[in-house]
Structure formats: C-alpha cells, structure tokens
Amino acid sequence: MQTMTHSTNRKTASAIGRNGASAQAHYEFTRAPHTRTVLVTPELAQQWLAKNEGNRPLRQPVVQLYATDMAAGKWQMNGETIKLAASGRVLDGQHRLQAIVKAGASVEMLVVFDLPEDSFQTIDTGMRRSMAHILGFSGVQNCGVLASIGRWIAILGHESEYTRNNVSSQTILEMIQQHPLSHHYATKFTNSGIKALLPSACGAVMTLAAEKYGQDVIDLFLSNFASGEGLKSGDPVFELRERMIQNRARVAKLQTPTVVALTIKAVRAYALQRQVGLLRWSPSEEWPTL
C-alpha cells in the first residue's frame, strides 16, 4: 500500500503502445480543482484576503461600486468565480472579497479551490464585455447610446452613491427598466443634427426632463435643436446649440459633465419658458437641477 504525501502521489503504470509493446509511464494523482457555491461572509472574505499576495493593485472605486450593489442586495451570481490556489492564495476575486468586507454583507459566490499557482498568469486576459455588448446580445436597438443614457440617469439621480466613472451593469439595466422613455431618447440621439453636437449622456437629461415636464415639450426642444430653424438669441435652445457648435470647433472640447450641466440648464429654462444669456457652468459650481 502506498503512502499519500500531502496532495500528490506519484505512481508507475503500464501503458500499451501502438505496436502492442508494454511501456512504463509515470503520472501523478493531484488534488483536483473543484468548484462550490459558498456563502462568503465578511469574516471568511477577510480570512481569504489574508493570503492575497502578488495581486494587481486594488482599485478602491471598483470595490465601492461592488459594495454598493452588495449592500443594496443587487449583486447577482453570474458564473464568475473566486479563484483560490491550493495554497489558499487568492488568484482572482480580491475586489469582490474586499467589497464583501466593505459592505458588511454575506454574498453567495462560486469558488474554485485548489487551482495550480501558475494559472494566475492566464486569468483576466480576455476583453471585458461592455454594457453596450450586453444590451446588444439582448437584441436592444441603439445599445451604445442606451447604455450611456442608463449610466447617466443613475449618476443624475444618485449623486451621493455613484461616481461618474463607476456605475455597475446591474444598476444601468435597472435604470433603463425604470425609465422606459430612455429607449425613445436613445433613438432621438441617432439624429445627425443632435448626435453631432450633444453626447449621448444628454439623453439622460431628456429622459428625466420628459418625465417631469412632458414628452411633447422635450421632443419639441430636440426638434428645434436639430434643425436650428427660427431660433433667436436668448432662446435656451438657441444658446445651447450655439455653445455646442462652438465646442465642436474647439481643440480642447468641453468635458461630458460640463455639457450635461449646460443641457440641464437649457432644458429647465425652456420648460419654464425663460430666456437665458450665455450658458456657463464650472465644476466649482453647485450641480444644476431640472
């Protein structure tokens, strides 16, 4: 009877070659990688993170993004795994584990145990799937514009929860579902007279404004903006359009948050039938509201 040493045991076996001759071959029995569904508590996550060695630098915005969804009960199991080496070292999943600790929430995760140490070099080498890809796979039209609108609806409605760079895919999908007019304005932003001047993020402004002031009002705003016909100085549509035409000619373009803020100002003034002067906004100012 042979004695097992740790997780590996070498044996010799007879193999039959193509010519029928017997040949000696060596092979190893190893503790094979295996997957289980585990309710990962903050305490268990901390225990695993104690062996998080040699991983890429931790990105706190990503941790916060995941933690926000976990704390709100929005985290979904999607087949992605936490990967642990046979030594217990975390090979993949440090951001999710840190988020569990930060959220103070227990989350079910698929966990692969006992992976070879050298498998680390093959993890996360593929292209990340974007929200536009996800929507496109579902057959949604104008998926890139719609994804941008959903992300900015979340940003505009939850300034305290989301940064402008980090909104989860789950939250974007929820925003699109909760604001069905987003599909309408994603289509509107395929109009050449609109998309040439306004980023798709401004579709979120139109969606929220239509919910507040009426779809007919905002559709007329966009129609006038696209054509430019009959507009006069002081008209909010005229002032926004002129500002965006000037911006298109600039080498250093206005950042998207600035354009969104200017659009909010113009749409609000238009809906309230107010005249405006030159539209301005800077990051030092309070964020405008609809």
# chains A, B, ... in the order shown; residues from 1 in each chain; ligands from 1

call {"tool": "residues_around", "arguments": {"residues": "range 215-228 of chain A", "least_positions_apart": "3", "cutoff": "7 Å", "atoms": "only C-alpha atoms", "output": "list of chain:residue names"}}
result
A:Gly193, A:Ile194, A:Met206, A:Ala209, A:Ala210, A:Glu211, A:Leu231, A:Val237, A:Arg241, A:Ala271

call {"tool": "residues_around", "arguments": {"residues": "Ala204 in chain A", "least_positions_apart": "2", "cutoff": "12 Å", "atoms": "only C-alpha atoms", "output": "PDB file with C-alpha atoms, in the first residue's frame"}}
result
ATOM      1  CA  VAL A 145     -26.471  55.207 -26.655  1.00  0.00           C
ATOM      2  CA  LEU A 146     -28.939  53.456 -24.361  1.00  0.00           C
ATOM      3  CA  ALA A 147     -26.153  52.207 -22.078  1.00  0.00           C
ATOM      4  CA  SER A 148     -24.806  55.756 -21.780  1.00  0.00           C
ATOM      5  CA  ILE A 149     -28.273  57.116 -21.004  1.00  0.00           C
ATOM      6  CA  GLY A 150     -28.845  54.474 -18.317  1.00  0.00           C
ATOM      7  CA  ARG A 151     -25.496  55.204 -16.701  1.00  0.00           C
ATOM      8  CA  TRP A 152     -26.148  58.950 -16.589  1.00  0.00           C
ATOM      9  CA  ILE A 153     -29.669  58.517 -15.243  1.00  0.00           C
ATOM     10  CA  ALA A 154     -28.052  56.694 -12.319  1.00  0.00           C
ATOM     11  CA  ILE A 155     -25.467  59.444 -11.902  1.00  0.00           C
ATOM     12  CA  LEU A 156     -28.006  62.274 -12.039  1.00  0.00           C
ATOM     13  CA  GLY A 157     -30.384  60.540  -9.647  1.00  0.00           C
ATOM     14  CA  ILE A 172     -27.624  50.579 -15.635  1.00  0.00           C
ATOM     15  CA  MET A 175     -32.292  52.489 -14.749  1.00  0.00           C
ATOM     16  CA  ILE A 176     -33.273  51.537 -18.301  1.00  0.00           C
ATOM     17  CA  HIS A 179     -37.213  54.796 -17.222  1.00  0.00           C
ATOM     18  CA  PRO A 180     -38.765  53.347 -20.406  1.00  0.00           C
ATOM     19  CA  LEU A 181     -38.534  56.734 -22.179  1.00  0.00           C
ATOM     20  CA  SER A 182     -34.772  56.100 -22.296  1.00  0.00           C
ATOM     21  CA  HIS A 183     -35.406  53.902 -25.374  1.00  0.00           C
ATOM     22  CA  HIS A 184     -37.248  56.763 -27.073  1.00  0.00           C
ATOM     23  CA  TYR A 185     -34.413  59.222 -26.457  1.00  0.00           C
ATOM     24  CA  ALA A 186     -31.768  56.695 -27.468  1.00  0.00           C
ATOM     25  CA  LYS A 188     -33.695  60.510 -30.881  1.00  0.00           C
ATOM     26  CA  PHE A 189     -29.935  60.709 -30.359  1.00  0.00           C
ATOM     27  CA  LEU A 198     -24.582  66.569 -27.936  1.00  0.00           C
ATOM     28  CA  PRO A 199     -23.065  63.451 -26.319  1.00  0.00           C
ATOM     29  CA  SER A 200     -25.394  60.531 -25.696  1.00  0.00           C
ATOM     30  CA  ALA A 201     -25.159  61.231 -21.954  1.00  0.00           C
ATOM     31  CA  CYS A 202     -27.513  64.158 -22.558  1.00  0.00           C
ATOM     32  CA  MET A 206     -34.022  64.435 -21.908  1.00  0.00           C
ATOM     33  CA  THR A 207     -35.436  61.249 -20.372  1.00  0.00           C
ATOM     34  CA  LEU A 208     -35.704  62.744 -16.889  1.00  0.00           C
ATOM     35  CA  ALA A 209     -36.958  66.089 -18.221  1.00  0.00           C
ATOM     36  CA  ALA A 210     -39.678  64.369 -20.271  1.00  0.00           C
ATOM     37  CA  GLU A 211     -40.845  62.568 -17.136  1.00  0.00           C
ATOM     38  CA  ILE A 218     -38.805  67.805 -24.689  1.00  0.00           C
ATOM     39  CA  PRO A 257     -20.182  66.528 -17.241  1.00  0.00           C
ATOM     40  CA  VAL A 260     -24.619  67.645 -19.329  1.00  0.00           C
ATOM     41  CA  ALA A 261     -24.807  70.527 -16.836  1.00  0.00           C
ATOM     42  CA  THR A 263     -28.017  70.914 -21.144  1.00  0.00           C
ATOM     43  CA  ILE A 264     -29.834  70.702 -17.813  1.00  0.00           C
ATOM     44  CA  VAL A 267     -33.836  72.330 -20.793  1.00  0.00           C
ATOM     45  CA  LEU A 290     -34.046  70.008 -13.588  1.00  0.00           C
TER      46      LEU A 290
END

call {"tool": "atom_distance", "arguments": {"atom1": "CA of Ser284 in chain A", "atom2": "CA of Leu240 in chain A"}}
result
20.3 Å

call {"tool": "atom_distance", "arguments": {"atom1": "CA of Thr35 in chain A", "atom2": "CA of Ala86 in chain A"}}
result
12.6 Å

call {"tool": "atom_distance", "arguments": {"atom1": "CA of Leu91 in chain A", "atom2": "CA of Ala50 in chain A"}}
result
12.4 Å

call {"tool": "closest_residue", "arguments": {"among": "A:Pro288, A:Leu173, A:Met70, A:Met77", "to": "Lys102 in chain A", "atoms": "only C-alpha atoms"}}
result
A:Met70

call {"tool": "closest_residue", "arguments": {"among": "A:Ala252, A:Phe238, A:Pro283, A:Arg243", "to": "Tyr270 in chain A", "atoms": "only C-alpha atoms"}}
result
A:Phe238

call {"tool": "residues_around", "arguments": {"residues": "Arg59 in chain A", "least_positions_apart": "2", "cutoff": "12 Å", "atoms": "only C-alpha atoms", "output": "list in words"}}
result
Asn55, Arg56, Pro57, Pro61, Val62, Val63, Gln64, Leu65, Tyr66, Gln94, His95, Arg96, Gln98, Ala99 and Asn166 of chain A

call {"tool": "select_by_dssp", "arguments": {"residues": "range 185-226 of chain A", "states": "alpha helix (DSSP H)", "output": "ChimeraX atom specification"}}
result
/A:185-188,192-195,202-213,215-226

call {"tool": "write_last_selection", "arguments": {"atoms": "N, CA and C atoms", "output": "JSON list (two decimals), in the first residue's frame"}}
result
[["chain", "number", "residue", "atom", "x", "y", "z"],
["A", 185, "TYR", "N", -35.44, 58.20, -26.27],
["A", 185, "TYR", "CA", -34.41, 59.22, -26.46],
["A", 185, "TYR", "C", -33.10, 58.64, -26.98],
["A", 186, "ALA", "N", -32.91, 57.34, -26.80],
["A", 186, "ALA", "CA", -31.77, 56.69, -27.47],
["A", 186, "ALA", "C", -31.95, 56.75, -28.98],
["A", 187, "THR", "N", -33.19, 56.58, -29.43],
["A", 187, "THR", "CA", -33.49, 56.71, -30.86],
["A", 187, "THR", "C", -33.33, 58.14, -31.33],
["A", 188, "LYS", "N", -33.81, 59.09, -30.53],
["A", 188, "LYS", "CA", -33.70, 60.51, -30.88],
["A", 188, "LYS", "C", -32.24, 60.91, -31.09],
["A", 192, "SER", "N", -28.75, 62.96, -36.82],
["A", 192, "SER", "CA", -27.43, 63.55, -37.09],
["A", 192, "SER", "C", -27.31, 64.97, -36.54],
["A", 193, "GLY", "N", -28.41, 65.72, -36.54],
["A", 193, "GLY", "CA", -28.36, 67.08, -36.04],
["A", 193, "GLY", "C", -28.21, 67.17, -34.54],
["A", 194, "ILE", "N", -28.50, 66.06, -33.85],
["A", 194, "ILE", "CA", -28.37, 66.02, -32.38],
["A", 194, "ILE", "C", -27.04, 65.39, -31.99],
["A", 195, "LYS", "N", -26.76, 64.19, -32.53],
["A", 195, "LYS", "CA", -25.57, 63.47, -32.08],
["A", 195, "LYS", "C", -24.27, 64.16, -32.50],
["A", 202, "CYS", "N", -26.44, 63.16, -22.68],
["A", 202, "CYS", "CA", -27.51, 64.16, -22.56],
["A", 202, "CYS", "C", -28.88, 63.54, -22.80],
["A", 203, "GLY", "N", -28.92, 62.33, -23.36],
["A", 203, "GLY", "CA", -30.19, 61.62, -23.48],
["A", 203, "GLY", "C", -30.79, 61.33, -22.12],
["A", 204, "ALA", "N", -29.96, 61.20, -21.10],
["A", 204, "ALA", "CA", -30.46, 61.01, -19.74],
["A", 204, "ALA", "C", -31.19, 62.26, -19.26],
["A", 205, "VAL", "N", -30.65, 63.44, -19.61],
["A", 205, "VAL", "CA", -31.31, 64.69, -19.26],
["A", 205, "VAL", "C", -32.68, 64.75, -19.91],
["A", 206, "MET", "N", -32.76, 64.39, -21.19],
["A", 206, "MET", "CA", -34.02, 64.43, -21.91],
["A", 206, "MET", "C", -35.03, 63.45, -21.31],
["A", 207, "THR", "N", -34.56, 62.26, -20.96],
["A", 207, "THR", "CA", -35.44, 61.25, -20.37],
["A", 207, "THR", "C", -36.05, 61.75, -19.07],
["A", 208, "LEU", "N", -35.22, 62.26, -18.18],
["A", 208, "LEU", "CA", -35.70, 62.74, -16.89],
["A", 208, "LEU", "C", -36.56, 63.99, -17.05],
["A", 209, "ALA", "N", -36.18, 64.87, -17.99],
["A", 209, "ALA", "CA", -36.96, 66.09, -18.22],
["A", 209, "ALA", "C", -38.33, 65.76, -18.80],
["A", 210, "ALA", "N", -38.39, 64.77, -19.69],
["A", 210, "ALA", "CA", -39.68, 64.37, -20.27],
["A", 210, "ALA", "C", -40.60, 63.82, -19.20],
["A", 211, "GLU", "N", -40.03, 63.09, -18.25],
["A", 211, "GLU", "CA", -40.84, 62.57, -17.14],
["A", 211, "GLU", "C", -41.39, 63.70, -16.27],
["A", 212, "LYS", "N", -40.64, 64.79, -16.18],
["A", 212, "LYS", "CA", -41.05, 65.91, -15.32],
["A", 212, "LYS", "C", -41.92, 66.93, -16.04],
["A", 213, "TYR", "N", -41.55, 67.27, -17.27],
["A", 213, "TYR", "CA", -42.23, 68.36, -17.97],
["A", 213, "TYR", "C", -43.14, 67.90, -19.11],
["A", 215, "GLN", "N", -43.30, 64.67, -22.44],
["A", 215, "GLN", "CA", -42.53, 64.22, -23.59],
["A", 215, "GLN", "C", -42.66, 65.17, -24.77],
["A", 216, "ASP", "N", -43.87, 65.74, -24.99],
["A", 216, "ASP", "CA", -44.07, 66.65, -26.12],
["A", 216, "ASP", "C", -43.16, 67.87, -26.01],
["A", 217, "VAL", "N", -43.00, 68.38, -24.79],
["A", 217, "VAL", "CA", -42.16, 69.57, -24.56],
["A", 217, "VAL", "C", -40.72, 69.27, -24.92],
["A", 218, "ILE", "N", -40.22, 68.14, -24.47],
["A", 218, "ILE", "CA", -38.80, 67.80, -24.69],
["A", 218, "ILE", "C", -38.56, 67.37, -26.13],
["A", 219, "ASP", "N", -39.52, 66.70, -26.73],
["A", 219, "ASP", "CA", -39.36, 66.34, -28.15],
["A", 219, "ASP", "C", -39.29, 67.59, -29.02],
["A", 220, "LEU", "N", -40.08, 68.62, -28.68],
["A", 220, "LEU", "CA", -40.02, 69.87, -29.44],
["A", 220, "LEU", "C", -38.68, 70.57, -29.22],
["A", 221, "PHE", "N", -38.17, 70.52, -28.00],
["A", 221, "PHE", "CA", -36.85, 71.08, -27.71],
["A", 221, "PHE", "C", -35.81, 70.44, -28.63],
["A", 222, "LEU", "N", -35.82, 69.12, -28.73],
["A", 222, "LEU", "CA", -34.83, 68.41, -29.54],
["A", 222, "LEU", "C", -35.03, 68.66, -31.03],
["A", 223, "SER", "N", -36.28, 68.75, -31.45],
["A", 223, "SER", "CA", -36.56, 69.02, -32.86],
["A", 223, "SER", "C", -36.01, 70.39, -33.26],
["A", 224, "ASN", "N", -36.24, 71.40, -32.42],
["A", 224, "ASN", "CA", -35.72, 72.75, -32.68],
["A", 224, "ASN", "C", -34.19, 72.77, -32.63],
["A", 225, "PHE", "N", -33.64, 72.00, -31.69],
["A", 225, "PHE", "CA", -32.18, 71.93, -31.56],
["A", 225, "PHE", "C", -31.56, 71.32, -32.81],
["A", 226, "ALA", "N", -32.18, 70.28, -33.34],
["A", 226, "ALA", "CA", -31.63, 69.59, -34.51],
["A", 226, "ALA", "C", -31.70, 70.46, -35.75]]

call {"tool": "select_by_dssp", "arguments": {"residues": "range 41-277 of chain A", "states": "strand (DSSP E)", "output": "number ranges by chain"}}
result
A: 81-85, 90-92, 107-115
